[in-house]
>>> print(open('run.tsv').read())   # TSV, C-alpha atoms
chain	number	residue	atom	x	y	z
X	1	MET	CA	60.70	56.51	-22.49
X	2	ARG	CA	61.14	54.46	-25.63
X	3	ARG	CA	59.55	55.62	-28.83
X	4	HIS	CA	57.43	52.49	-29.34
X	5	ALA	CA	56.63	51.69	-25.73
X	6	PRO	CA	52.89	51.27	-25.13
X	7	PRO	CA	51.23	53.91	-23.05
X	8	ILE	CA	50.60	53.14	-19.45
X	9	PRO	CA	46.81	52.58	-19.00
X	10	ALA	CA	45.15	54.91	-16.62
X	11	ALA	CA	43.66	53.40	-13.49
X	12	ARG	CA	39.87	52.99	-13.61
X	13	PRO	CA	38.03	54.77	-10.86
X	14	ALA	CA	36.95	52.50	-8.06
X	15	HIS	CA	33.24	53.33	-8.44
X	16	SER	CA	33.25	52.32	-12.13
X	17	ARG	CA	34.74	48.85	-11.74
X	18	ARG	CA	32.56	46.11	-13.23
X	19	THR	CA	31.60	42.79	-11.70
X	20	PRO	CA	34.04	40.13	-13.00
X	21	ARG	CA	32.59	37.78	-15.64
X	22	PRO	CA	31.95	34.17	-14.84
X	23	PHE	CA	34.59	31.71	-15.90
X	24	PRO	CA	34.27	30.07	-19.31
X	25	PRO	CA	33.16	26.45	-19.21
X	26	HIS	CA	36.69	25.01	-19.37
X	27	ALA	CA	38.68	27.73	-17.64
X	28	PRO	CA	40.24	26.67	-14.34
X	29	PRO	CA	39.09	28.72	-11.38
X	30	ILE	CA	41.51	31.05	-9.71
X	31	PRO	CA	42.49	29.59	-6.34
X	32	THR	CA	41.22	31.65	-3.47
X	33	ALA	CA	41.85	31.57	0.20
X	34	ARG	CA	40.03	28.81	2.08
X	35	PRO	CA	37.11	30.29	3.98
X	36	ALA	CA	37.22	30.17	7.71
X	37	LEU	CA	35.37	27.17	9.13
X	38	PRO	CA	33.14	27.21	12.18
X	39	ARG	CA	34.84	26.18	15.35
X	40	HIS	CA	33.36	22.66	15.43
X	41	ALA	CA	32.78	22.12	11.71
X	42	PRO	CA	34.50	19.12	10.12
X	43	SER	CA	37.35	19.72	7.74
X	44	PRO	CA	36.30	19.67	4.05
X	45	ARG	CA	38.88	16.97	3.47
X	46	HIS	CA	36.99	14.62	5.77
X	47	ALA	CA	33.46	15.84	5.12
X	48	PRO	CA	31.05	13.32	3.54
X	49	PRO	CA	30.18	13.80	-0.13
X	50	THR	CA	27.06	15.79	-0.84
X	51	ASN	CA	25.41	12.84	-2.60
X	52	ALA	CA	25.90	10.40	0.26
X	53	ILE	CA	22.80	8.66	1.54
X	54	LYS	CA	22.17	9.67	5.11
X	55	PRO	CA	20.65	7.12	7.44
X	56	ARG	CA	17.28	8.17	8.72
X	57	PRO	CA	14.87	6.73	11.24
X	58	SER	CA	11.83	4.87	10.04
X	59	ARG	CA	8.80	6.94	9.10
X	60	GLY	CA	6.70	5.36	11.78
X	61	ARG	CA	9.01	6.58	14.51
X	62	ARG	CA	9.20	10.08	13.04
X	63	GLY	CA	5.42	10.21	12.92
X	64	LEU	CA	5.17	9.21	16.55
X	65	TRP	CA	7.69	11.89	17.53
X	66	ARG	CA	5.67	14.52	15.65
X	67	GLY	CA	2.48	13.43	17.38
X	68	LEU	CA	4.11	13.75	20.78
X	69	LEU	CA	5.76	17.10	20.09
X	70	ARG	CA	2.67	18.70	18.55
X	71	GLY	CA	0.39	17.46	21.31
X	72	ARG	CA	-2.51	17.14	18.89
X	73	SER	CA	-4.28	14.38	20.82
X	74	SER	CA	-5.83	14.02	24.23
X	75	SER	CA	-3.93	12.87	27.28
X	76	TRP	CA	-4.99	9.29	26.58
X	77	GLY	CA	-3.90	9.62	22.95
X	78	SER	CA	-0.57	11.11	24.00
X	79	ALA	CA	-0.01	8.23	26.38
X	80	ALA	CA	-0.88	5.74	23.63
X	81	ALA	CA	1.47	7.51	21.21
X	82	ALA	CA	4.22	7.49	23.82
X	83	GLY	CA	3.71	3.77	24.31
X	84	ARG	CA	3.88	3.14	20.55
X	85	LEU	CA	7.02	5.23	20.31
X	86	MET	CA	8.78	3.32	23.07
X	87	ALA	CA	7.71	0.04	21.49
X	88	ALA	CA	8.96	1.19	18.07
X	89	LEU	CA	12.31	2.14	19.55
X	90	ALA	CA	12.47	-1.30	21.12
X	91	GLY	CA	11.50	-2.98	17.83
X	92	VAL	CA	8.07	-4.10	19.08
X	93	PHE	CA	4.80	-3.64	17.17
X	94	VAL	CA	1.93	-2.25	19.28
X	95	TRP	CA	-1.49	-3.50	18.19
X	96	ASP	CA	-3.50	-0.79	19.95
X	97	GLY	CA	-4.84	1.51	17.24
X	98	GLN	CA	-3.43	-0.67	14.46
X	99	ARG	CA	-5.60	-3.80	14.52
X	100	ILE	CA	-8.73	-3.96	12.37
X	101	GLU	CA	-11.77	-3.59	14.61
X	102	GLU	CA	-15.30	-4.89	14.24
X	103	GLU	CA	-16.55	-1.50	13.05
X	104	GLU	CA	-14.40	-1.69	9.92
X	105	LEU	CA	-15.74	-5.13	9.07
X	106	GLN	CA	-19.31	-3.96	9.63
X	107	ARG	CA	-18.88	-0.92	7.37
X	108	SER	CA	-17.67	-3.15	4.55
X	109	ALA	CA	-20.65	-5.47	5.02
X	110	GLN	CA	-23.02	-2.49	4.93
X	111	GLU	CA	-21.55	-1.33	1.63
X	112	MET	CA	-22.40	-4.73	0.14
X	113	GLN	CA	-25.97	-4.35	1.33
X	114	HIS	CA	-26.21	-0.91	-0.30
X	115	VAL	CA	-25.04	-2.34	-3.61
X	116	GLU	CA	-27.50	-5.24	-3.43
X	117	ASN	CA	-30.39	-2.93	-2.55
X	118	MET	CA	-29.70	-0.83	-5.62
X	119	CYS	CA	-29.41	-3.90	-7.88
X	120	GLY	CA	-25.80	-3.36	-8.87
X	121	PRO	CA	-24.59	0.27	-8.73
X	122	PRO	CA	-22.85	1.35	-5.54
X	123	ALA	CA	-24.60	3.55	-3.04
X	124	PRO	CA	-24.78	7.30	-3.76
X	125	PRO	CA	-22.64	9.67	-1.68
X	126	ARG	CA	-23.93	9.77	1.89
X	127	ALA	CA	-22.04	12.93	2.82
X	128	ALA	CA	-21.47	16.24	1.10
X	129	ALA	CA	-17.71	15.65	0.97
X	130	GLU	CA	-18.02	12.29	-0.83
X	131	GLN	CA	-17.55	12.23	-4.57
X	132	PRO	CA	-20.02	10.37	-6.82
X	133	TRP	CA	-19.02	7.08	-8.42
X	134	GLU	CA	-18.23	7.07	-12.15
X	135	LEU	CA	-18.90	3.89	-14.16
X	136	VAL	CA	-15.71	2.89	-15.99
X	137	MET	CA	-16.48	-0.63	-17.21
X	138	ASP	CA	-19.80	-2.42	-17.62
X	139	LYS	CA	-19.82	-6.11	-18.57
X	140	LYS	CA	-22.30	-8.90	-18.09
X	141	HIS	CA	-20.85	-10.21	-14.82
X	142	PHE	CA	-18.52	-7.37	-13.95
X	143	LYS	CA	-18.91	-3.64	-13.22
X	144	LEU	CA	-16.12	-1.21	-12.33
X	145	TRP	CA	-16.52	2.28	-10.85
X	146	ARG	CA	-14.10	4.92	-9.64
X	147	ARG	CA	-14.27	8.22	-7.79
X	148	PRO	CA	-11.66	10.87	-6.90
X	149	ILE	CA	-10.14	10.78	-3.45
X	150	GLU	CA	-10.60	14.16	-1.81
X	151	GLY	CA	-7.38	16.17	-1.54
X	152	SER	CA	-5.30	13.95	-3.84
X	153	HIS	CA	-4.77	13.05	-7.49
X	154	LEU	CA	-5.78	9.44	-6.85
X	155	TYR	CA	-8.96	7.42	-7.38
X	156	GLN	CA	-10.80	4.89	-5.28
X	157	TYR	CA	-12.06	1.88	-7.27
X	158	ARG	CA	-15.00	-0.45	-6.75
X	159	VAL	CA	-15.85	-3.72	-8.48
X	160	PHE	CA	-19.11	-5.63	-8.25
X	161	GLY	CA	-19.11	-9.04	-9.93
X	162	THR	CA	-20.49	-12.57	-9.98
X	163	TYR	CA	-19.06	-16.08	-10.41
X	164	THR	CA	-21.24	-19.14	-10.85
X	165	ASP	CA	-18.76	-22.01	-11.37
X	166	VAL	CA	-16.92	-22.00	-8.02
X	167	THR	CA	-18.05	-21.95	-4.40
X	168	PRO	CA	-17.60	-19.01	-2.05
X	169	ARG	CA	-15.47	-21.15	0.26
X	170	GLN	CA	-13.07	-22.07	-2.56
X	171	PHE	CA	-12.75	-18.49	-3.79
X	172	PHE	CA	-12.22	-17.22	-0.26
X	173	ASN	CA	-9.57	-19.81	0.60
X	174	VAL	CA	-7.56	-19.23	-2.57
X	175	GLN	CA	-7.35	-15.52	-1.70
X	176	LEU	CA	-5.93	-16.30	1.72
X	177	ASP	CA	-3.52	-19.17	1.02
X	178	THR	CA	0.00	-17.69	0.86
X	179	GLU	CA	1.78	-20.73	-0.50
X	180	TYR	CA	-0.72	-21.29	-3.30
X	181	ARG	CA	-0.60	-17.57	-4.18
X	182	LYS	CA	3.12	-17.87	-4.82
X	183	LYS	CA	2.40	-20.59	-7.39
X	184	TRP	CA	-0.37	-18.97	-9.42
X	185	ASP	CA	0.69	-15.32	-9.19
X	186	SER	CA	3.94	-14.78	-11.09
X	187	LEU	CA	4.19	-11.16	-9.85
X	188	VAL	CA	4.81	-12.16	-6.24
X	189	ILE	CA	8.40	-11.67	-5.08
X	190	LYS	CA	7.85	-12.10	-1.36
X	191	LEU	CA	4.82	-12.79	0.82
X	192	ASP	CA	5.19	-13.26	4.57
X	193	VAL	CA	3.04	-13.09	7.67
X	194	ILE	CA	5.01	-10.94	10.11
X	195	GLU	CA	2.82	-11.00	13.20
X	196	ARG	CA	-0.65	-12.10	14.31
X	197	ASP	CA	-2.91	-10.53	16.93
X	198	LEU	CA	-4.43	-13.17	19.19
X	199	ALA	CA	-7.20	-10.81	20.31
X	200	THR	CA	-8.85	-10.27	16.92
X	201	GLY	CA	-7.02	-12.49	14.45
X	202	SER	CA	-5.59	-9.45	12.62
X	203	GLU	CA	-2.32	-10.17	10.84
X	204	VAL	CA	0.54	-8.03	9.57
X	205	ILE	CA	1.67	-9.03	6.08
X	206	HIS	CA	4.75	-8.06	4.08
X	207	TRP	CA	4.14	-8.34	0.35
X	208	VAL	CA	6.60	-7.53	-2.45
X	209	THR	CA	5.36	-7.52	-6.04
X	210	HIS	CA	6.64	-6.74	-9.52
X	211	PHE	CA	5.37	-3.59	-11.23
X	212	PRO	CA	5.24	-3.04	-15.00
X	213	TYR	CA	8.54	-2.11	-16.63
X	214	PRO	CA	10.29	0.33	-16.19
X	215	MET	CA	8.93	0.86	-12.68
X	216	TYR	CA	10.62	-0.53	-9.58
X	217	SER	CA	8.99	-3.33	-7.64
X	218	ARG	CA	6.70	-2.25	-4.79
X	219	ASP	CA	6.43	-3.56	-1.27
X	220	TYR	CA	3.48	-3.30	1.09
X	221	VAL	CA	3.28	-3.73	4.86
X	222	TYR	CA	-0.34	-3.97	5.91
X	223	VAL	CA	-2.67	-5.34	8.53
X	224	ARG	CA	-5.56	-7.55	7.50
X	225	ARG	CA	-8.47	-9.32	9.10
X	226	TYR	CA	-11.25	-11.55	7.80
X	227	ARG	CA	-14.56	-12.76	9.16
X	228	VAL	CA	-17.07	-15.41	8.08
X	229	ASP	CA	-20.55	-14.31	9.10
X	230	LYS	CA	-22.70	-17.43	8.86
X	231	GLU	CA	-25.73	-15.69	10.33
X	232	ASN	CA	-25.82	-13.08	7.53
X	233	ASN	CA	-24.33	-15.42	4.91
X	234	MET	CA	-21.34	-13.21	4.18
X	235	MET	CA	-17.53	-13.21	4.10
X	236	VAL	CA	-15.52	-10.02	4.74
X	237	LEU	CA	-11.81	-9.31	4.21
X	238	VAL	CA	-10.33	-5.90	5.16
X	239	SER	CA	-6.73	-4.70	4.68
X	240	ARG	CA	-4.90	-1.39	5.16
X	241	ALA	CA	-1.30	-0.20	5.31
X	242	VAL	CA	0.64	0.03	8.60
X	243	GLU	CA	4.22	0.47	9.76
X	244	HIS	CA	6.06	-2.41	11.41
X	245	PRO	CA	9.50	-2.06	13.06
X	246	SER	CA	10.70	-5.46	11.82
X	247	VAL	CA	10.14	-4.51	8.16
X	248	PRO	CA	12.23	-1.41	7.39
X	249	GLU	CA	12.34	0.10	3.93
X	250	ASP	CA	14.45	-1.74	1.36
X	251	PRO	CA	16.29	0.42	-1.23
X	252	GLU	CA	15.50	-2.19	-3.89
X	253	TYR	CA	11.75	-1.55	-3.60
X	254	VAL	CA	9.38	1.39	-3.38
X	255	ARG	CA	7.34	1.30	-0.18
X	256	VAL	CA	3.60	1.88	-0.68
X	257	ARG	CA	2.31	3.60	2.43
X	258	THR	CA	-1.24	4.43	1.38
X	259	TYR	CA	-3.32	1.32	0.78
X	260	GLU	CA	-6.85	0.15	1.66
X	261	SER	CA	-8.91	-2.79	0.46
X	262	GLN	CA	-12.25	-4.37	1.36
X	263	MET	CA	-13.57	-7.59	-0.18
X	264	VAL	CA	-17.08	-8.82	0.63
X	265	ILE	CA	-18.48	-12.14	-0.67
X	266	ARG	CA	-22.18	-12.98	-0.62
X	267	PRO	CA	-23.12	-16.61	-1.51
X	268	HIS	CA	-26.16	-17.13	-3.71
X	269	LYS	CA	-27.12	-20.09	-1.53
X	270	THR	CA	-24.53	-21.52	0.85
X	271	PHE	CA	-20.76	-21.31	1.29
X	272	ASP	CA	-20.30	-24.72	-0.34
X	273	GLU	CA	-22.55	-24.34	-3.40
X	274	ASN	CA	-21.49	-22.73	-6.66
X	275	GLY	CA	-22.41	-19.09	-7.15
X	276	PHE	CA	-21.76	-15.82	-5.30
X	277	ASP	CA	-21.52	-12.05	-5.69
X	278	TYR	CA	-18.50	-10.07	-4.56
X	279	LEU	CA	-17.75	-6.41	-3.88
X	280	LEU	CA	-14.16	-5.17	-3.98
X	281	THR	CA	-13.28	-1.61	-2.92
X	282	TYR	CA	-9.64	-0.64	-3.42
X	283	SER	CA	-7.29	2.35	-3.27
X	284	ASP	CA	-3.57	2.89	-2.94
X	285	ASN	CA	-0.81	5.32	-3.86
X	286	PRO	CA	1.78	3.40	-5.91
X	287	GLN	CA	4.26	6.32	-5.80
X	288	THR	CA	4.52	6.69	-9.56
X	289	VAL	CA	5.45	9.77	-11.60
X	290	PHE	CA	3.00	8.95	-14.38
X	291	PRO	CA	0.05	11.25	-15.03
X	292	ARG	CA	-3.24	10.56	-13.31
X	293	TYR	CA	-4.90	9.16	-16.42
X	294	CYS	CA	-2.03	6.65	-16.91
X	295	VAL	CA	-2.32	5.35	-13.36
X	296	SER	CA	-6.09	5.15	-13.73
X	297	TRP	CA	-5.75	3.14	-16.93
X	298	MET	CA	-3.26	0.73	-15.34
X	299	VAL	CA	-5.50	0.10	-12.33
X	300	SER	CA	-8.71	-0.10	-14.39
X	301	SER	CA	-7.17	-2.70	-16.68
X	302	GLY	CA	-5.21	-4.49	-13.97
X	303	MET	CA	-8.10	-5.15	-11.59
X	304	PRO	CA	-10.17	-7.23	-14.06
X	305	ASP	CA	-7.02	-9.11	-15.08
X	306	PHE	CA	-6.14	-9.94	-11.49
X	307	LEU	CA	-9.66	-11.06	-10.61
X	308	GLU	CA	-9.69	-13.34	-13.63
X	309	LYS	CA	-6.36	-14.84	-12.55
X	310	LEU	CA	-7.80	-15.38	-9.09
X	311	HIS	CA	-10.87	-17.05	-10.58
X	312	ALA	CA	-8.71	-19.27	-12.80
X	313	ALA	CA	-6.59	-20.29	-9.81
X	314	THR	CA	-9.77	-21.22	-7.92
X	315	LEU	CA	-10.98	-23.35	-10.83
X	316	LYS	CA	-7.59	-25.04	-11.08
X	317	ALA	CA	-7.59	-25.86	-7.38
X	318	LYS	CA	-11.10	-27.25	-7.69
X	319	LYS	CA	-10.49	-29.44	-10.76
X	320	MET	CA	-7.02	-30.66	-9.83
X	321	GLU	CA	-7.91	-30.99	-6.15
X	322	ILE	CA	-4.93	-28.89	-5.10
X	323	GLU	CA	-4.69	-28.74	-1.34
X	324	VAL	CA	-5.70	-25.27	-0.18
X	325	ARG	CA	-6.02	-24.32	3.45
X	326	ASP	CA	-9.63	-24.08	4.66
X	327	TYR	CA	-9.71	-20.75	6.45
X	328	MET	CA	-13.36	-21.09	7.41
X	329	SER	CA	-12.64	-24.18	9.48
X	330	ALA	CA	-9.49	-22.64	10.91
X	331	LYS	CA	-11.41	-19.54	11.94
X	332	ALA	CA	-14.10	-21.59	13.63
X	333	ALA	CA	-11.51	-23.65	15.48
X	334	GLY	CA	-9.68	-20.53	16.65
X	335	GLU	CA	-12.69	-18.54	17.78
X	336	GLY	CA	-12.42	-19.94	21.24
X	337	GLY	CA	-9.06	-18.27	21.65
X	338	GLU	CA	-10.17	-14.85	20.53
X	339	GLY	CA	-10.43	-12.21	23.17
X	340	LYS	CA	-7.03	-13.09	24.61
X	341	ALA	CA	-4.72	-10.12	24.39
X	342	GLY	CA	-1.35	-10.56	22.81
X	343	ALA	CA	0.33	-11.42	19.57
X	344	GLU	CA	2.48	-14.09	18.06
X	345	HIS	CA	5.22	-13.75	15.46
X	346	ARG	CA	5.10	-15.92	12.38
X	347	GLY	CA	7.60	-16.62	9.68
X	348	GLU	CA	7.03	-17.76	6.14
X	349	GLY	CA	5.01	-20.95	5.97
X	350	PRO	CA	1.75	-22.51	4.92
X	351	ARG	CA	-0.23	-20.84	7.73
X	352	GLY	CA	-0.04	-17.22	6.56
X	353	PRO	CA	-2.80	-15.64	4.47
X	354	ALA	CA	-1.91	-13.89	1.25
X	355	GLN	CA	-2.25	-10.30	0.18
X	356	LEU	CA	-4.22	-9.74	-2.96
X	357	GLU	CA	-2.86	-7.46	-5.62
X	358	TYR	CA	-6.20	-5.68	-5.74
X	359	ALA	CA	-7.93	-7.10	-2.69
>>> encode(input="run.tsv", output="structure tokens")
Amino acid sequence: MRRHAPPIPAARPAHSRRTPRPFPPHAPPIPTARPALPRHAPSPRHAPPTNAIKPRPSRGRRGLWRGLLRGRSSSWGSAAAAGRLMAALAGVFVWDGQRIEEEELQRSAQEMQHVENMCGPPAPPRAAAEQPWELVMDKKHFKLWRRPIEGSHLYQYRVFGTYTDVTPRQFFNVQLDTEYRKKWDSLVIKLDVIERDLATGSEVIHWVTHFPYPMYSRDYVYVRRYRVDKENNMMVLVSRAVEHPSVPEDPEYVRVRTYESQMVIRPHKTFDENGFDYLLTYSDNPQTVFPRYCVSWMVSSGMPDFLEKLHAATLKAKKMEIEVRDYMSAKAAGEGGEGKAGAEHRGEGPRGPAQLEYA
């Protein structure tokens, strides 16, 4: 052995060996043997990237599958769910269980009566589970309340107001006229009537609207129905979210799946004389990541702004004599056809009613 040769290091006992350190940030990893793949697994060379977007069935179909597999309904409900599933797979919308029934319209009308009986404030909670209403805004002709929605971070909102310079018929028609809505509401991106139920007059609407920057635009698919009750001197408009096979999700928009709205109009005298009270009850889940108080502020400030825009559009139509479809007359003319089962598909055109941003 040479005089200056380094000593041969002694082998470390096997039980004292340490776990190897992780690689430094820029050190190349030591190549290791490729792990054995399952018999039918695809080769890594041809495997899709981990960040690829996987196609998935629509949420409505998944929900129907869950309902069938869990068996949480009665035999009739299971049969109805099976029918909806088969229709969804075939691209057909089934109205059973989706149309707005008379009971929903009656409940909205009763809420208006509760407000009127109490001279303004909404009715107190009628069940132990209901939260009390909190007054958020109190103006001369406008009051806004909110209350928490049980089991969520969201609020339900309610507006009670009065207008004296337009007629109930004009205000009602401007809400429902799709083509005119596209002119006076700059937030509308798309507004189409997808399908109409001949039995009740319920309609499925697809509505796409801008949201404040930097949020993505939102789209809504919902069913709506209105009624003019001449006997009780009242107009009712009810809307809520649904799924429709002909309107799949668009990656450019955020789909709002939780949405409900009820608008009730009570004329001071008649439908064609100036002056009326209105009650608007509204809730939705806009799928935002903002804190609860931010969303509450946006809705609380946005509802009065929208209603004022709607009022201004009604005044403009009245003074400039803009042609707006008369939905009261159309409803009366079509009442003879109600009760016939079935539906008709409609494209974009002057016939379709419009979705309100907060109604």
>>> closest_residue(input="run.tsv", among="X:Asn232, X:Gln131, X:Thr200, X:Thr288", to="X:Thr270", atoms="all atoms listed in the file")
X:Asn232
>>> closest_residue(input="run.tsv", among="X:Leu307, X:Phe142, X:Leu105, X:Arg257", to="X:Gln287", atoms="only C-alpha atoms")
X:Arg257
>>> residues_around(input="run.tsv", residues="X:Phe271", least_positions_apart="4", cutoff="10 Å", atoms="only C-alpha atoms", output="tab-separated table (two decimals) with C-alpha atoms, in the coordinates of the input")
chain	number	residue	atom	x	y	z
X	167	THR	CA	-18.05	-21.95	-4.40
X	168	PRO	CA	-17.60	-19.01	-2.05
X	169	ARG	CA	-15.47	-21.15	0.26
X	170	GLN	CA	-13.07	-22.07	-2.56
X	171	PHE	CA	-12.75	-18.49	-3.79
X	172	PHE	CA	-12.22	-17.22	-0.26
X	228	VAL	CA	-17.07	-15.41	8.08
X	230	LYS	CA	-22.70	-17.43	8.86
X	233	ASN	CA	-24.33	-15.42	4.91
X	234	MET	CA	-21.34	-13.21	4.18
X	235	MET	CA	-17.53	-13.21	4.10
X	265	ILE	CA	-18.48	-12.14	-0.67
X	266	ARG	CA	-22.18	-12.98	-0.62
X	267	PRO	CA	-23.12	-16.61	-1.51
X	275	GLY	CA	-22.41	-19.09	-7.15
X	276	PHE	CA	-21.76	-15.82	-5.30
X	328	MET	CA	-13.36	-21.09	7.41
>>> closest_residue(input="run.tsv", among="X:Val94, X:Val256, X:Met112, X:Leu144", to="X:Ser301", atoms="all atoms listed in the file")
X:Leu144
>>> closest_residue(input="run.tsv", among="X:Ser202, X:Lys318, X:Leu279, X:Ser296", to="X:Asp96", atoms="all atoms listed in the file")
X:Ser202
>>> closest_residue(input="run.tsv", among="X:Phe160, X:Phe211, X:Tyr253, X:Trp184", to="X:Lys139", atoms="all atoms listed in the file")
X:Phe160
>>> closest_residue(input="run.tsv", among="X:Val247, X:Val166, X:Val289, X:Leu187", to="X:Val204", atoms="all atoms listed in the file")
X:Val247
>>> residues_around(input="run.tsv", residues="X:Gly161", least_positions_apart="4", cutoff="6 Å", atoms="all atoms listed in the file", output="list in words")
His141, Phe142, Asp277 and Tyr278 of chain X
>>> atom_distance(input="run.tsv", atom1="atom CA of X:Pro251", atom2="atom CA of X:Tyr157")
29.0 Å
>>> residues_near_point(input="run.tsv", point="(5.0, -7.5, 6.5)", cutoff="8 Å", atoms="all atoms listed in the file", output="PyMOL selection string")
chain X and resi 191-195+204-207+220-222+244+247
>>> atom_distance(input="run.tsv", atom1="atom CA of X:Ser261", atom2="atom CA of X:Lys319")
29.0 Å
>>> atom_distance(input="run.tsv", atom1="atom CA of X:Arg99", atom2="atom CA of X:Ala199")
9.2 Å
